[in-house]
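Shown next, in structure tokens, is the structure this report addresses.
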Amino acid sequence: MSKFIIWRRGKGKTTELIKEAEKDQLIIVCASRERCKFIEQMAKRLNRNIPTPLSIYSCVSRGIELGSSYRHKQGQVLIDDVEDVLQSIIGLPCKIITGTGKVEEKLTLWQRLKRKITFTDKNCEPTEAESEN
């Protein structure tokens, strides 16, 4: 099962990805070479030692099969900005992306307080118990 980190722009998604990449020595797959360079520079600023990120383009152009070439790295990869990676593969922007996994949310204090309130109307935000499913 995949874990989804869904936070607003500039709130630390890539930083969390870099920490995870260092911890498990997993490769980060990005939509572009420029994004790979950005992540490498960011990891250096954070004093994190990560495997060299790969762009989808470099995987395809070099014929790298991540599943076999990097299986010794726990058989998993990390993906930065999945919607950009999918767009680079498909060639079109994705209107809706679904997935099965655990969603990690970064909540403000106000959002956490609201989660403690039980709602009876299903059109309202989920209760704490509902949001964990």
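Chain labels A, B, ... are given in the sequence in which chains occur in the structure tokens; within each chain residues are numbered consecutively from 1, and ligands are likewise numbered from 1 in the order shown.
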Spatial neighbours of Ala31 of chain A, max dist 8 Å, only C-alpha atoms, sep filter under 3 positions, as a ChimeraX atom specification:
/A:35,55-57,80-81,84-86,88
Could you write out, as a PyMOL selection string, all the residues of segment 14-96 of chain A that DSSP marks as strand (DSSP E)?
chain A and resi 27-30+54-55+77-79
Create the file for the chosen residues now, containing C-alpha atoms and written as a PDB file, in the first residue's frame.
```
ATOM      1  CA  ILE A  27      15.369   6.544  -5.127  1.00  0.00           C
ATOM      2  CA  ILE A  28      13.128   9.540  -5.757  1.00  0.00           C
ATOM      3  CA  VAL A  29      11.546   9.545  -9.221  1.00  0.00           C
ATOM      4  CA  CYS A  30      10.704  12.978 -10.643  1.00  0.00           C
ATOM      5  CA  LEU A  54      15.939   9.830 -11.460  1.00  0.00           C
ATOM      6  CA  SER A  55      13.645  11.533 -13.933  1.00  0.00           C
ATOM      7  CA  VAL A  77      10.704   4.093  -5.100  1.00  0.00           C
ATOM      8  CA  LEU A  78       9.484   7.454  -3.893  1.00  0.00           C
ATOM      9  CA  ILE A  79       7.657   9.731  -6.338  1.00  0.00           C
TER      10      ILE A  79
END
```
Of the candidates A:Glu34, A:Ile39, A:Lys95, A:Trp7, which shows the shortest atom-to-atom distance to Pro53 of chain A, using only C-alpha atoms?
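Smallest separation from Pro53 of chain A among the options: A:Ile39.
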Can you measure atom CA of Gly12 of chain A to atom CA of Ile90 of chain A for me? One decimal in Å is fine.
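Here the two named atoms are 26.7 Å from each other.
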When you look at segment 2-5 of chain A with a cut-off of 12 Å (counting only C-alpha atoms), what residues show up, excluding the ones that are within fewer than 6 positions of it in the same chain? I need them as a PyMOL selection string.
chain A and resi 11-17+20+76-82+97-107
Have a look at A:Val60, A:Ile96, A:Ile50, A:Ile6 and name the one nearest to Cys36 of chain A; count only C-alpha atoms.
A:Ile50
Between atom CA of Arg9 of chain A and atom CA of Lys44 of chain A lies a distance of 20.8 Å
Which of segment 2-104 of chain A fall in alpha helix (DSSP H), as a PyMOL selection string
chain A and resi 13-24+33-45+56-61+66-69+82-90
Could you check how far atom CA of Phe38 of chain A sits from atom CA of Glu83 of chain A, in Å to one decimal?
17.4 Å
